[in-house]
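A quick write-up on the structure given underneath.
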Amino acid sequence: MDKRILATISALNARAPSPAHRWTYEGDVPFGADPLRAFTLGNGLRLLLLVDRQAPTVSYFTWFRVGSRHERPGKTGLAHLFEHLMFNETEHLRAGQFDRRLEESGAESNAATWLDWTYYYESLPKDRFGLAVSLESERMAHLVLREPQVASEKDVVANERRYRVEDDVEGAANELLYKTAFDRHPYHWPTIGWMDDIMGFTPADCEAFYASYYAPNNATLVVVGDVSERAVLEKIGRAYGGIPRGVVPEEDTLPDPPQTEAREVVLRRPTATTKVLVGYRGPALGDSEHTVLCVLNEVLFGGRASRLYERMVVETEVATELRGWVSTFRDPGLYEVFLTARAPHGSGELLRDLDAEIAHLKEELVTEDELERAKARLELGLLQSLDTAAGKAEQIGFYDTVLGDPRGAFAKLEAYRRVTRGQVRTAARRWLGAASRTIVTVLPQATESAAVTA
Amino acid sequence: MTRVLHEPSRALPLVNLVVAFGTGAFFDPPGQEGLSRFTGRMLRRGTRARSARELEAALDRLGGELSVEVSATTTTLHAQVIRRNLGPFVDLVAEVLGSPAFAPDEVERLRKKVLAELVEARDNDRHLAQVAFRAAMFEGHPFGRTAQGRARTLASLTPESLEAHYARHYLRETATFGFAGDLSGQEAAAIAERLSAALPSGAPPSFDALQDPPGPRGRRLVIVDKPERTQTQILIGALGTSGHDPDHVPLLVATAIFGGTFTSRLMREVRSKRGWSYGASARLSVERVRHALAVWTFPAATDAAKCVALELDLFERFVELGVTPRETSFVRNYLVRSHAFEIDTPTKRLHQALDTHTLALPADYHTSYLERVRATTAEAASAAARARLSTRDLAIVVVGTASAIEGELRAALPGLDEVRVVPFDADADADQHG
């Protein structure tokens, strides 16, 4: 522990008006070359602080440990609707004032909601740090949820859903994939919610959600930038210390049983070519095999020297675009594969080539060169994500919220380096079984269903 | 003399390398649209010493990335690598820049890929809107042409024509070398010399023939007809300014007031008050000559007609009545303070410096930007909007299902000078038979 920080904390705590305003210093973890400091306020609010003087800016992220997985059938999309409502009226700020004050200070701000989490962020010139503290603490405790705001934001979210799902081929296919692959687990429904649910929300639904999940003990602040540690602790302690701890509901999630039979669904859209989305039941982000599967994914899909690009785009020419992604969720998710056919080829040829390469991975070891390339690509990707203060804050908050490890990005990089060829083969055998996958085939509208050859 | 820009930073073990050439799709001969971009993409597809696959594998092995971007007036190679592999990576980039192969089988492969991309792009309604917008806004001008090409123009490209284009346009005489990240000025200068020596030499192409576009005449509505759209993509545009115009920055300030922030007039009226569109924004593009001010929204099909009518009404009031001192003061603060995020990474700083060269902007365009924003008054911003923007000559593009929206659009927008309905896959036959 840093003695200087201990002294700072001790001085601040001596003047704290209540136990809830007192800080506990949890210690440091290395984040790259710098120390990332962890603190907890008396009311349970966590703070992760990284001083970074690369630019005269500061990024301020508020991560709430709530996402669409905490919703119930009939009330899907509430976590995401809430993200919109958080930019509305508070007890001390009229509607529109929140954004206006940030913009007047030159701040960038936005928010995101997904299955496991919700975050809000501001990036500000460093001398405006206090504004982020006052606005975020205000909306954590004093949000106003009335009918006109809820009604207007429901319309905006309905439009967002049309944009991202109804009129978007990939968005619609992805939604159908998770709906089909998961039966009981909340990953079954989309974060944006079903349209009927979105339009049905009332201010009372929103009030209940706010009271349950937007409590200091369900949140982590991540501050990265050119700031004074003492000033950060002082301002945050003063602004948030008076917000009472909440009673956060215990999670009530039904895990899905293992998938033992392949599932297939067809979607028709006005699109020119067939697309296939495959979801293999995959590991959770915290599973050690998640890392191995990420390396495997690079071997199959990473760049134009990858196995599937070589086979499907260059050699057989059955595909024009392909990619894979291992979902980064707290609970086991999917290993997603997206393939676009080159006309006149269809889903049959796409799956034939995919299956052949997966069979090959289960039999033969990948080469040392393939392994080296995969690891270099993953390392480059991680370094790129840490380019800005906001990028660092996002990585810190994401891994802390999902895995409880704020330096998870670096832990992941170290784990990539340890992956062996044998582990890749084992992961292929364990996770890429035909019986544990779900296939969504998107057919051009006029095509007959007989064309489905999968 | 090799032009070198350098933005050092030890924050991450990464090096960015950019080579910008004074050329672009503007130089595609008629009937060969797509030539410049195709040539740029061929650089990634093999050298005289290495096949495309070997090149890709070498890039991956080093933890490197490389791409070439071609717009109407710019051609830029972007590369990035993990610092420890900088040496061999520079060797590779020199090879890519100095001895591209233009192998016939790779040309065919890329041709197929681009044709497939043209087809896939029809899935993206926003892209469809942008293509139709460019065509309607800049008809008869190089900005209205496609940099991507069409099936029949791509068919005319040969390994020989690509190689000839490369030899005339990837010239050391027009190249600017930019570096950002974990390397010294000395290293940057040495690498620039090395890369420059690998490039062809010749007489630089001239942009003298690039004139201000005339812009649309009258109010022209184009409906891009696509089945089963629950939503529309709408772009409305007027001619803007060039970076050389004295009222360029005042018009940037005015545009930001109209639709450049989350609390702008447009956002407030379209999203906050009415909930019609998830996004609503206005943007002034910067090019070598005058470009467009474009207004973007995407309301539900049922709200499309009233949304366009509202936008036109807001735009007319903006141009005719101008902006207020309060609005101007607010946006000035926003632009000045948020400027920190335009330069918060070495790569962003490098790109600002490069812009000045590649778009032939005034030498002090970026360095005097803040000062000019601070000096902009409401009167100056209003005068710029009035002087530069026409409310009569507008391109209005709506991607949606024509049978559901055309009647309402015609009724809601009296005084249109032209209405055209274009199928979303209008170029499909050309693509298949071209």
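Following the order of the structure tokens, first chain is A, next is B, and so on, with residues numbered from 1 inside each chain and ligands from 1 in the order they appear.
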| Contacts of Val440 of chain A at 10 Å or less, counting only C-alpha atoms, minus same-chain residues fewer than 3 places along, as number ranges by chain? | A: 173-178, 180-181, 263-267, 275-279, 338, 347, 443
| request: Report as a PyMOL selection string the set of chain B residues whose atoms approach chain A to within 6 Å, with distances computed over only C-alpha atoms. | output: chain B and resi 53+56-57+60-61+63+123+275+278+330+333-334+337-338+344
Could you give me, as a tab-separated table, every segment 17-67 of chain A residue with an atom at most 10 Å from segment 236-247 of chain A, plus its closest atom pair and distance in Å to one decimal, counting only C-alpha atoms, rows ordered by chain then number?
```
residue	atom	partner	partner_atom	distance
A:Pro17	CA	A:Gly241	CA	8.8
A:Ser18	CA	A:Gly241	CA	7.9
A:Pro19	CA	A:Gly241	CA	8.5
A:Ala20	CA	A:Gly241	CA	5.3
A:His21	CA	A:Gly241	CA	4.2
A:Arg22	CA	A:Gly237	CA	7.2
A:Trp23	CA	A:Gly237	CA	7.4
A:Thr40	CA	A:Gly237	CA	9.8
A:Leu41	CA	A:Gly237	CA	7.0
A:Gly42	CA	A:Gly241	CA	7.1
A:Asn43	CA	A:Arg245	CA	5.1
A:Gly44	CA	A:Arg245	CA	6.7
A:Leu45	CA	A:Tyr240	CA	8.2
A:Leu47	CA	A:Ile236	CA	9.0
```
Okay, now the selection with C-alpha atoms, as a compact mmCIF listing (two decimals), in the first residue's frame?
```txt
# COMPACT_ATOMS: atom_id res chain seq x y z
CA PRO A 17 -19.22 14.05 8.45
CA SER A 18 -20.40 10.43 8.75
CA PRO A 19 -19.09 6.85 8.48
CA ALA A 20 -20.67 6.66 5.01
CA HIS A 21 -18.30 9.44 3.87
CA ARG A 22 -15.17 7.56 4.97
CA TRP A 23 -12.84 5.91 2.50
CA THR A 40 -14.40 1.87 -1.11
CA LEU A 41 -16.61 4.54 0.40
CA GLY A 42 -18.57 3.88 3.59
CA ASN A 43 -21.80 3.37 1.64
CA GLY A 44 -20.27 0.65 -0.52
CA LEU A 45 -19.35 2.72 -3.59
CA LEU A 47 -13.61 3.70 -6.85
```
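Here atom CA of Glu298 of chain A and atom CA of Val29 of chain A stand 29.1 Å from one another.
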When DSSP works through the backbone of this structure, what residues of segment 14-51 of chain B end up as strand (DSSP E), shown as a PDB file with N, CA and C atoms, in the first residue's frame?
```
ATOM      1  N   LEU B  14       3.477   1.100 -29.099  1.00  0.00           N
ATOM      2  CA  LEU B  14       2.895   1.018 -30.442  1.00  0.00           C
ATOM      3  C   LEU B  14       3.481   2.133 -31.306  1.00  0.00           C
ATOM      4  N   VAL B  15       3.612   1.855 -32.584  1.00  0.00           N
ATOM      5  CA  VAL B  15       4.041   2.888 -33.529  1.00  0.00           C
ATOM      6  C   VAL B  15       3.024   2.970 -34.664  1.00  0.00           C
ATOM      7  N   ASN B  16       2.575   4.182 -34.956  1.00  0.00           N
ATOM      8  CA  ASN B  16       1.708   4.434 -36.098  1.00  0.00           C
ATOM      9  C   ASN B  16       2.516   5.062 -37.206  1.00  0.00           C
ATOM     10  N   LEU B  17       2.229   4.637 -38.402  1.00  0.00           N
ATOM     11  CA  LEU B  17       2.989   5.136 -39.543  1.00  0.00           C
ATOM     12  C   LEU B  17       1.954   5.455 -40.637  1.00  0.00           C
ATOM     13  N   VAL B  18       2.023   6.652 -41.168  1.00  0.00           N
ATOM     14  CA  VAL B  18       1.054   7.063 -42.179  1.00  0.00           C
ATOM     15  C   VAL B  18       1.802   7.648 -43.368  1.00  0.00           C
ATOM     16  N   VAL B  19       1.422   7.242 -44.566  1.00  0.00           N
ATOM     17  CA  VAL B  19       1.999   7.859 -45.755  1.00  0.00           C
ATOM     18  C   VAL B  19       0.828   8.405 -46.587  1.00  0.00           C
ATOM     19  N   ALA B  20       0.817   9.724 -46.768  1.00  0.00           N
ATOM     20  CA  ALA B  20      -0.292  10.359 -47.499  1.00  0.00           C
ATOM     21  C   ALA B  20       0.217  10.837 -48.860  1.00  0.00           C
ATOM     22  N   PHE B  21      -0.544  10.519 -49.897  1.00  0.00           N
ATOM     23  CA  PHE B  21      -0.157  10.910 -51.247  1.00  0.00           C
ATOM     24  C   PHE B  21      -1.132  11.964 -51.772  1.00  0.00           C
TER      25      PHE B  21
END
```
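With only C-alpha atoms as the atoms that count, the residue of B:Ala412, B:Val81, B:Ala254, B:Ile234 with the shortest distance to Ala385 of chain B is B:Ala254.
Considering the residues B:Leu359, B:Ala304, B:Ala378, B:Val270 and counting only C-alpha atoms, Gly322 of chain B has its shortest atom-to-atom contact with B:Ala378.
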| task | Write out as an MDAnalysis selection string each polymer residue whose atoms come within 6 Å of Arg421 of chain A, counting only C-alpha atoms; drop sequence neighbours fewer than 3 positions from it. | result | chainID A and resid 365:366 424
Requested write-out: C-alpha atoms of the selected residues, as a short mmCIF file (atom, residue, chain, number, x, y, z; two decimals), in the first residue's frame:
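Output below, filename part-v2.cif:
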```cif
data_model
loop_
_atom_site.label_atom_id
_atom_site.label_comp_id
_atom_site.auth_asym_id
_atom_site.auth_seq_id
_atom_site.Cartn_x
_atom_site.Cartn_y
_atom_site.Cartn_z
CA LEU A 365 -2.41 -29.41 -33.89
CA VAL A 366 -2.29 -25.84 -35.18
CA VAL A 424 -6.35 -25.21 -28.78
#
```
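The two atoms in question, atom CA of Ser403 of chain B and atom CA of Pro227 of chain B, are spaced 8.9 Å apart.
Each of A:Asp28, A:Gly171, A:Leu322, A:Ala428 was checked against Asp405 of chain A using only C-alpha atoms; the smallest atom-to-atom distance is that of A:Asp28.
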| message | At a cut-off of 12 Å, using only C-alpha atoms, what residues contact segment 317-321 of chain B? Leave out same-chain residues fewer than 5 positions from it and give the result as a ChimeraX atom specification. | response | /B:238,251,254-259,264-266,310-312,327,378-379,381-392
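Proximity to Arg4 of chain A was assessed for A:Asp355, A:Pro73, A:Glu229, A:Val292 counting only C-alpha atoms; the smallest distance is recorded for A:Glu229.
Nearest residue to Ser10 of chain A, choosing from A:Glu234, A:Glu363, A:Glu261, A:Asp127 and counting only C-alpha atoms: A:Glu234.
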| query | Between B:Ala426, B:Ala72, B:Ala280, B:Val253, which one has atoms that come closest to Arg134 of chain B, using only C-alpha atoms? | reply | B:Ala72
| Within 9 Å of Ala435 of chain A using only C-alpha atoms, minus same-chain residues under 2 positions, as a VMD selection string | chain A and resid 259 to 263 280 432 to 433 437 to 438
| task | Looking only at helix (DSSP H, G or I) from DSSP on the backbone, list the matching residues of segment 258-415 of chain B as an MDAnalysis selection string. | result | chainID B and resid 258:259 265:273 301:321 325:342 346:358 369:374 378:388 402:412
| field | Distance query Asp28 of chain B at most 12 Å, only C-alpha atoms, self and fewer than 2 positions along chain excluded, as a ChimeraX atom specification | value | /B:23-26,30-39,70-73,142-143,145-149,153-154,156-157,161-162,165-166,169,205
If you keep C-alpha atoms, can you produce a file of those selected residues as a PDB file, in the first residue's frame?
```
ATOM      1  CA  THR B  23      -3.957  11.962 -55.215  1.00  0.00           C
ATOM      2  CA  GLY B  24      -7.398  10.372 -55.033  1.00  0.00           C
ATOM      3  CA  ALA B  25     -10.408   9.018 -56.883  1.00  0.00           C
ATOM      4  CA  PHE B  26     -10.779  12.430 -58.543  1.00  0.00           C
ATOM      5  CA  PRO B  30     -14.468   8.330 -66.910  1.00  0.00           C
ATOM      6  CA  GLY B  31     -15.528   4.719 -67.283  1.00  0.00           C
ATOM      7  CA  GLN B  32     -12.841   3.542 -64.858  1.00  0.00           C
ATOM      8  CA  GLU B  33     -14.455   4.625 -61.599  1.00  0.00           C
ATOM      9  CA  GLY B  34     -12.938   2.578 -58.795  1.00  0.00           C
ATOM     10  CA  LEU B  35      -9.420   2.570 -60.296  1.00  0.00           C
ATOM     11  CA  SER B  36      -7.758   4.560 -57.481  1.00  0.00           C
ATOM     12  CA  ARG B  37      -9.326   2.652 -54.634  1.00  0.00           C
ATOM     13  CA  PHE B  38      -8.727  -0.686 -56.343  1.00  0.00           C
ATOM     14  CA  THR B  39      -5.065   0.203 -56.843  1.00  0.00           C
ATOM     15  CA  VAL B  70      -8.774   6.385 -50.920  1.00  0.00           C
ATOM     16  CA  SER B  71     -11.289   9.241 -50.994  1.00  0.00           C
ATOM     17  CA  ALA B  72     -12.042  11.689 -53.792  1.00  0.00           C
ATOM     18  CA  THR B  73      -8.956  13.761 -53.031  1.00  0.00           C
ATOM     19  CA  PRO B 142     -16.350  14.444 -59.284  1.00  0.00           C
ATOM     20  CA  PHE B 143     -17.728  14.377 -55.716  1.00  0.00           C
ATOM     21  CA  ARG B 145     -18.956   9.832 -58.592  1.00  0.00           C
ATOM     22  CA  THR B 146     -18.349   6.566 -56.837  1.00  0.00           C
ATOM     23  CA  ALA B 147     -14.845   5.895 -55.511  1.00  0.00           C
ATOM     24  CA  GLN B 148     -15.791   2.237 -55.077  1.00  0.00           C
ATOM     25  CA  GLY B 149     -16.677   1.799 -58.743  1.00  0.00           C
ATOM     26  CA  THR B 153     -16.191   0.111 -64.538  1.00  0.00           C
ATOM     27  CA  LEU B 154     -14.426  -2.458 -62.361  1.00  0.00           C
ATOM     28  CA  SER B 156     -12.319  -2.519 -67.265  1.00  0.00           C
ATOM     29  CA  LEU B 157      -9.451  -2.620 -64.756  1.00  0.00           C
ATOM     30  CA  SER B 161      -3.862  -0.282 -65.869  1.00  0.00           C
ATOM     31  CA  LEU B 162      -3.508  -0.702 -62.100  1.00  0.00           C
ATOM     32  CA  HIS B 165      -1.952   4.119 -62.065  1.00  0.00           C
ATOM     33  CA  TYR B 166       0.317   3.154 -59.176  1.00  0.00           C
ATOM     34  CA  HIS B 169       0.198   8.394 -58.353  1.00  0.00           C
ATOM     35  CA  PRO B 205      -0.882  14.962 -60.646  1.00  0.00           C
TER      36      PRO B 205
END
```
